[in-house]
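Working notes for the structure below.
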Amino acid sequence: MSTKTIAVLDQADLKDGQIKEVSFDSGRVLLSRLGDKVHATSAFCTHYGAPLVKGVLTADGRVVCPWHGACFNVGTGDIEDAPAPAAIHSFKTHITDGKIYVTAEPANTTKEKMSRPPKLLASGSEIGGAGVVIVGGGSGAFHATESLREHGFKAPITILTQETNAPIDRTKLSKALIADASKLEWRTPADLKIKYGTALRIGTGVTSVDTTKKTVTLENGKETIPYDTLILASGGVPRRLPIEGADLENVYTLRNVQDAQKIDAACQEGKHLVVIGSSFISMELVVAVSKRKLASIHVVGMEQYPFENVLGQEIGAGLKQFHESQGIVFHGSTSVKAIRKESGETLTKVELATGETLSADLVIMGVGVRPATDYLKTSGWELEKDGSVKVDELLRVPGRADVYAIGDIATYPQLPLGTYRRVEHWNVAGNMGRAVGKTIAGSPQPFVKIPIFWSAQGQQLRYCGIGIGYDDIYIQGNPAELKFIAYYIKGGQVTAVASMQNDPIISKASELLRLGLMPSANSIKAGQNLLDLDVSSAAANVLPKRVSQREQ
């Protein structure tokens with residue numbers, strides 16, 4: 001298809017640090033101005049299609065999606081941050097007679113063509129050897145594979161996963177209860193093999209790791225796989241309460257596609273559901289099934305309000321009020337003693353510590369996950385108290401040559417302070433994979449990303465930062481109306497921000513935290529609006545990194 005060159009905007013209408021979405025033939029283009037340079041890219045995020053013009057531009061050449069934290073380089077269109085599964089197009093620009101001109105293939109400016117194929121600098125067929133072996137097939141594994149090839153890693157890559165599918169968008173299991181793997185896979189097994197030179201071995205568990213011999217042993221015990229570099233990305237295992245009836249046939253947990261299929265089949269009209277735990281996964285599932293005309297949905301939680309430990313009582317109370325308006329019945333500040341199903345009975349009995357008994361056709365346990373590291377324990381590894389693996393700023397495992405750990409199993413130093421954390425966020429695992437891939441390919445990349453997560457709770461709840469241990473919360477808006485901004489404060493400094501219906505405040509907050517420019521709590525309480533702070537223009541106090549434009 002031939003390209004077109006079109007004047008899209010007067011130069012005077014795009015100020016330094018501004019982004020604007022403009023028409024291009026039958027499509028749309030995002031213009032970003034940094035100093036005297038104008039960049040043009042696709043206008044939509046490749047994650048879920050959000051309009052990037054509603055996001056945040058920073059002076060070091062990043063445009064951040066307003067929804068889920070995905071980020072792109074405005075000069076190249078390359079992925080800067082997960083969860084973006086693909087890069088965006090970048091287009092040539094020039095300015096003549098006060099007009100901004102963009103040169104592009106019109107089809108590539110449409111929303112349907114917003115993604116561009118990755119610029120893979122290697123395919124894995126260039127050299128032999130054992131290469132990289134990745135244990136686990138989740139977000140970390142997917143983004144590590146992409147990053148390795150994007151940064152020129154030429155040796156083979158092998159993914160060993162217990163799941164029966166290629167890496168998927170796992171967030172949709174709980175947020176939408178999508179149970180068809182083909183609708184969730186980021187890349188097909190064929191693409192991984194042909195385009196990425198990656199051997200995907202599904203349904204394959206690992207039982208031990210020998211870092212002296214540089215091998216992993218598979219669960220059948222009859223096969224060992226050699227490696228040059230090992231990435232441990234084995235994720236989490238859903239917890240089951242140590243109570244009677246925890247393993248009954250109609251008691252479910254959610255981690256993979258098969259789990260989603262079972263829950264989907266069981267959550268049918270007229271059924272009674274009891275959910276144990278008021279965690280994000282639990283409450284997302286409640287939202288996903290709340291329109292299915294179930295006879296009842298009961299949620300049992302140890303907290304008085306859902307999400308109380310993370311978001312605080314006031315926000316938890318507002319979210320509880322919303323869910324109750326949808327017919328959800330909460331049993332807070334209590335626990336489950338036992339789950340019983342007598343012979344011949346149709347319904348299961350869920351016995352609470354309060355003495356109350358709930359009837360259920362199915363029970364879902366959403367009581368957290370533990371690091372999936374049993375295979376490391378049996379290999380003689382010394383693990384952290386929670387079963388995780390401690391790593392350094394490059395996500396290397398100290399004392400284990402050429403071994404990295406990422407995602408749910410990694411306890412890492414959260415820079416710049418270096419406080420050790422283990423964060424079970426989808427974005428964290430993906431960004432860790434991207435960092436490790438770059439490091440292994442030859443360009444050491446410390447993990448410096450700000451954690452971001454989101455949750456479907458009537459409206460979209462968004463959160464960034466590390467709020468654990470906060471000593472104060474400052475809330476603007478009304479959590480009962482699901483419209484607020486909450487600032488989590490420790491020692492007078494804002495360490496995390498949560499919001500509903502206030503986009504792109506979380507995208508802006510995450511960039512302010514990344515750049516070390518977050519205002520003090522007192523400034524925010526005095527009326528400082530984060531969206532008014534300049535992080536985009538040449539006048540902003542941002543140290544710019546190199547921003548390139550591949551065609552110039």
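If you're wondering about the labels, chains in the structure tokens are A, B, ... by order shown, residues count from 1 in each chain, ligands from 1 in order shown.
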Could you pull the residues within 9 Å of Gln414 in chain A, counting only C-alpha atoms, minus those fewer than 5 positions along the same chain, as a short mmCIF file (atom, residue, chain, number, x, y, z; two decimals) with N, CA, C and O atoms, in the first residue's frame?
data_model
loop_
_atom_site.label_atom_id
_atom_site.label_comp_id
_atom_site.auth_asym_id
_atom_site.auth_seq_id
_atom_site.Cartn_x
_atom_site.Cartn_y
_atom_site.Cartn_z
N GLU A 393 18.99 -6.01 42.35
CA GLU A 393 18.32 -5.00 41.52
C GLU A 393 18.24 -5.39 40.05
O GLU A 393 17.41 -4.87 39.31
N THR A 419 14.01 -0.98 49.47
CA THR A 419 13.25 -1.80 50.41
C THR A 419 12.74 -3.05 49.71
O THR A 419 12.17 -2.97 48.62
N TYR A 420 12.94 -4.21 50.32
CA TYR A 420 12.57 -5.45 49.65
C TYR A 420 11.07 -5.68 49.70
O TYR A 420 10.44 -5.54 50.74
N ARG A 421 10.52 -6.03 48.53
CA ARG A 421 9.09 -6.25 48.37
C ARG A 421 8.85 -7.50 47.52
O ARG A 421 9.69 -7.89 46.71
N PHE A 447 15.70 -3.16 37.81
CA PHE A 447 14.24 -3.07 37.82
C PHE A 447 13.83 -1.83 38.61
O PHE A 447 14.02 -1.76 39.83
N VAL A 448 13.26 -0.86 37.92
CA VAL A 448 12.96 0.44 38.53
C VAL A 448 11.49 0.84 38.34
O VAL A 448 11.13 1.98 38.62
N LYS A 449 10.66 -0.06 37.88
CA LYS A 449 9.29 0.31 37.55
C LYS A 449 8.43 0.53 38.79
O LYS A 449 8.64 -0.08 39.84
N ILE A 450 7.45 1.41 38.63
CA ILE A 450 6.47 1.66 39.68
C ILE A 450 5.33 0.67 39.53
O ILE A 450 4.72 0.58 38.45
N ILE A 466 3.63 1.88 46.14
CA ILE A 466 3.74 0.91 47.23
C ILE A 466 3.13 1.56 48.47
O ILE A 466 3.76 2.38 49.14
#
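Residues in contact with Thr161 in chain A at 10 Å, where only C-alpha atoms are counted and same-chain residues fewer than 2 positions away are skipped, are listed as A:Ile134, A:Val135, A:Gly136, A:Gly137, A:Gly138, A:Ala141, A:Thr158, A:Ile159, A:Glu163, A:Thr164, A:Asn165, A:Ala166, A:Pro167, A:Leu200, A:Arg201, A:Ile202, A:Gly203, A:Thr204, A:Gly205, A:Val206, A:Ala233, A:Ser234.
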Check your understanding: Ile505 in chain A: which residues within 9 Å, counting only C-alpha atoms, same-chain residues fewer than 6 positions away excluded, as a ChimeraX atom specification?
Key -> /A:55,66,485,497-499,530-531
**Study point:** Nearby residues (only C-alpha atoms) at most 8 Å from range 95-106 of chain A, same-chain spacing under 2 positions excluded, as a VMD selection string
**Key:** chain A and resid 1 to 12 24 to 27 40 91 to 93 108 to 110
**Study point:** Backbone DSSP call of strand (DSSP E or B) for range 162-382 of chain A, listed as a VMD selection string
**Key:** chain A and resid 168 185 198 to 201 206 to 210 215 to 218 224 to 226 229 to 232 236 to 238 244 251 to 252 272 to 276 296 to 300 329 to 331 336 to 340 348 to 352 357 to 360 362 to 365 369 to 371
Point to revise | Within 9 Å of Leu52 in chain A using only C-alpha atoms, minus same-chain residues under 4 positions, as a ChimeraX atom specification | key: /A:19,21,30,42-45,56,63-66
Exercise for review: Tell me which protein, DNA and RNA residues are within 10 Å of Ser379 in chain A, counting only C-alpha atoms, leaving out same-chain ones fewer than 5 positions away, and put them as an NGL selection string.
Suggested key: :A and (207-211 or 216 or 373-374)
Return as a Markdown table the residues of range 288-370 of chain A lying at most 12 Å from range 171-178 of chain A, together with the closest atom-to-atom pair for each and the distance in Å to one decimal, counting only C-alpha atoms, with rows in chain order and ascending residue number.
| residue | atom | partner | partner_atom | distance |
| --- | --- | --- | --- | --- |
| A:Ala288 | CA | A:Ala176 | CA | 5.4 |
| A:Val289 | CA | A:Leu177 | CA | 8.0 |
| A:Ser290 | CA | A:Ala176 | CA | 11.1 |
| A:Lys291 | CA | A:Ala176 | CA | 11.6 |
| A:Arg292 | CA | A:Leu177 | CA | 11.9 |
| A:Ile364 | CA | A:Ser174 | CA | 11.7 |
| A:Gly366 | CA | A:Ser174 | CA | 10.5 |
File dump, residues just selected, all heavy atoms, as a PDB file, in the first residue's frame:
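File produced: selection18.pdb:
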ATOM      1  N   ALA A 288     -18.012 -10.324  37.808  1.00  0.00           N
ATOM      2  CA  ALA A 288     -18.157 -11.044  36.537  1.00  0.00           C
ATOM      3  C   ALA A 288     -19.401 -11.923  36.501  1.00  0.00           C
ATOM      4  O   ALA A 288     -19.998 -12.121  35.435  1.00  0.00           O
ATOM      5  CB  ALA A 288     -16.909 -11.889  36.274  1.00  0.00           C
ATOM      6  N   VAL A 289     -19.821 -12.456  37.652  1.00  0.00           N
ATOM      7  CA  VAL A 289     -20.968 -13.381  37.658  1.00  0.00           C
ATOM      8  C   VAL A 289     -22.243 -12.751  38.224  1.00  0.00           C
ATOM      9  O   VAL A 289     -23.293 -13.403  38.256  1.00  0.00           O
ATOM     10  CB  VAL A 289     -20.648 -14.676  38.448  1.00  0.00           C
ATOM     11  CG1 VAL A 289     -19.413 -15.347  37.876  1.00  0.00           C
ATOM     12  CG2 VAL A 289     -20.465 -14.382  39.943  1.00  0.00           C
ATOM     13  N   SER A 290     -22.158 -11.496  38.643  1.00  0.00           N
ATOM     14  CA  SER A 290     -23.294 -10.882  39.343  1.00  0.00           C
ATOM     15  C   SER A 290     -24.513 -10.682  38.447  1.00  0.00           C
ATOM     16  O   SER A 290     -25.626 -10.504  38.959  1.00  0.00           O
ATOM     17  CB  SER A 290     -22.878  -9.544  39.951  1.00  0.00           C
ATOM     18  OG  SER A 290     -22.473  -8.626  38.942  1.00  0.00           O
ATOM     19  N   LYS A 291     -24.338 -10.710  37.131  1.00  0.00           N
ATOM     20  CA  LYS A 291     -25.479 -10.533  36.215  1.00  0.00           C
ATOM     21  C   LYS A 291     -26.025 -11.871  35.698  1.00  0.00           C
ATOM     22  O   LYS A 291     -26.830 -11.898  34.774  1.00  0.00           O
ATOM     23  CB  LYS A 291     -25.060  -9.663  35.033  1.00  0.00           C
ATOM     24  CG  LYS A 291     -24.505  -8.287  35.410  1.00  0.00           C
ATOM     25  CD  LYS A 291     -25.508  -7.460  36.193  1.00  0.00           C
ATOM     26  CE  LYS A 291     -24.950  -6.069  36.500  1.00  0.00           C
ATOM     27  NZ  LYS A 291     -25.879  -5.284  37.353  1.00  0.00           N
ATOM     28  N   ARG A 292     -25.587 -12.960  36.297  1.00  0.00           N
ATOM     29  CA  ARG A 292     -26.002 -14.277  35.808  1.00  0.00           C
ATOM     30  C   ARG A 292     -27.258 -14.816  36.487  1.00  0.00           C
ATOM     31  O   ARG A 292     -27.604 -15.984  36.316  1.00  0.00           O
ATOM     32  CB  ARG A 292     -24.856 -15.275  35.977  1.00  0.00           C
ATOM     33  CG  ARG A 292     -23.642 -14.968  35.105  1.00  0.00           C
ATOM     34  CD  ARG A 292     -22.677 -16.122  35.099  1.00  0.00           C
ATOM     35  NE  ARG A 292     -21.568 -15.919  34.163  1.00  0.00           N
ATOM     36  CZ  ARG A 292     -20.744 -16.873  33.776  1.00  0.00           C
ATOM     37  NH1 ARG A 292     -20.910 -18.115  34.237  1.00  0.00           N
ATOM     38  NH2 ARG A 292     -19.764 -16.604  32.929  1.00  0.00           N
ATOM     39  N   ILE A 364     -16.018 -20.590  46.043  1.00  0.00           N
ATOM     40  CA  ILE A 364     -14.761 -20.135  45.449  1.00  0.00           C
ATOM     41  C   ILE A 364     -13.875 -19.600  46.558  1.00  0.00           C
ATOM     42  O   ILE A 364     -14.292 -18.731  47.333  1.00  0.00           O
ATOM     43  CB  ILE A 364     -14.996 -19.028  44.401  1.00  0.00           C
ATOM     44  CG1 ILE A 364     -15.847 -19.561  43.249  1.00  0.00           C
ATOM     45  CG2 ILE A 364     -13.664 -18.492  43.877  1.00  0.00           C
ATOM     46  CD1 ILE A 364     -16.237 -18.501  42.235  1.00  0.00           C
ATOM     47  N   GLY A 366     -10.881 -17.385  47.373  1.00  0.00           N
ATOM     48  CA  GLY A 366      -9.982 -16.352  46.879  1.00  0.00           C
ATOM     49  C   GLY A 366      -9.187 -15.800  48.039  1.00  0.00           C
ATOM     50  O   GLY A 366      -9.396 -14.660  48.476  1.00  0.00           O
TER      51      GLY A 366
END
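Proximity of A:Ser23, A:Thr215, A:Thr58, A:Thr348 to Ser536 in chain A, computed with only C-alpha atoms, is greatest for A:Thr58.
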Exercise for review: Using only C-alpha atoms, determine which residues lie at most 9 Å from Met283 in chain A, disregarding the query and same-chain residues fewer than 4 positions distant; provide the list as an NGL selection string.
Suggested key: :A and (174-175 or 275 or 277-279 or 287-288 or 299 or 306 or 323 or 366 or 455-457)
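Counting only C-alpha atoms and comparing A:Val133, A:Ala338, A:Lys490, A:Lys193, the residue that lies closest to Tyr404 in chain A is A:Val133.
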Closest pair table for range 347-443 of chain A residues within 12 Å of range 300-305 of chain A, only C-alpha atoms, as JSON lines:
{"residue": "A:Val350", "atom": "CA", "partner": "A:Val300", "partner_atom": "CA", "distance": 10.0}
{"residue": "A:Glu351", "atom": "CA", "partner": "A:Val300", "partner_atom": "CA", "distance": 10.6}
{"residue": "A:Leu352", "atom": "CA", "partner": "A:Val300", "partner_atom": "CA", "distance": 8.4}
{"residue": "A:Ala353", "atom": "CA", "partner": "A:Met302", "partner_atom": "CA", "distance": 10.3}
{"residue": "A:Thr354", "atom": "CA", "partner": "A:Val300", "partner_atom": "CA", "distance": 11.1}
{"residue": "A:Glu356", "atom": "CA", "partner": "A:Val300", "partner_atom": "CA", "distance": 11.2}
{"residue": "A:Thr357", "atom": "CA", "partner": "A:Val300", "partner_atom": "CA", "distance": 11.3}
{"residue": "A:Leu358", "atom": "CA", "partner": "A:Val300", "partner_atom": "CA", "distance": 10.0}
{"residue": "A:Val363", "atom": "CA", "partner": "A:Val300", "partner_atom": "CA", "distance": 10.7}
{"residue": "A:Ile364", "atom": "CA", "partner": "A:Val300", "partner_atom": "CA", "distance": 10.4}
{"residue": "A:Met365", "atom": "CA", "partner": "A:Val300", "partner_atom": "CA", "distance": 9.8}
{"residue": "A:Gly366", "atom": "CA", "partner": "A:Gly301", "partner_atom": "CA", "distance": 9.8}
{"residue": "A:Val367", "atom": "CA", "partner": "A:Gly301", "partner_atom": "CA", "distance": 9.1}
Revision key, fill the gap. re CA of Gly469 in chain A and CA of Val391 in chain A: distance 22.0 Å
Revision key, fill the gap. Students should find that CA of Gly49 in chain A and CA of Gly35 in chain A are spaced 27.5 Å
Exercise for review: Would you list, as a ChimeraX atom specification, the residues of range 7-232 of chain A that end up in helix (DSSP H, G or I) under DSSP run on this structure's backbone?
Suggested key: /A:11-13,52-54,106-109,111-113,139-150,171-175,181-183,189-194
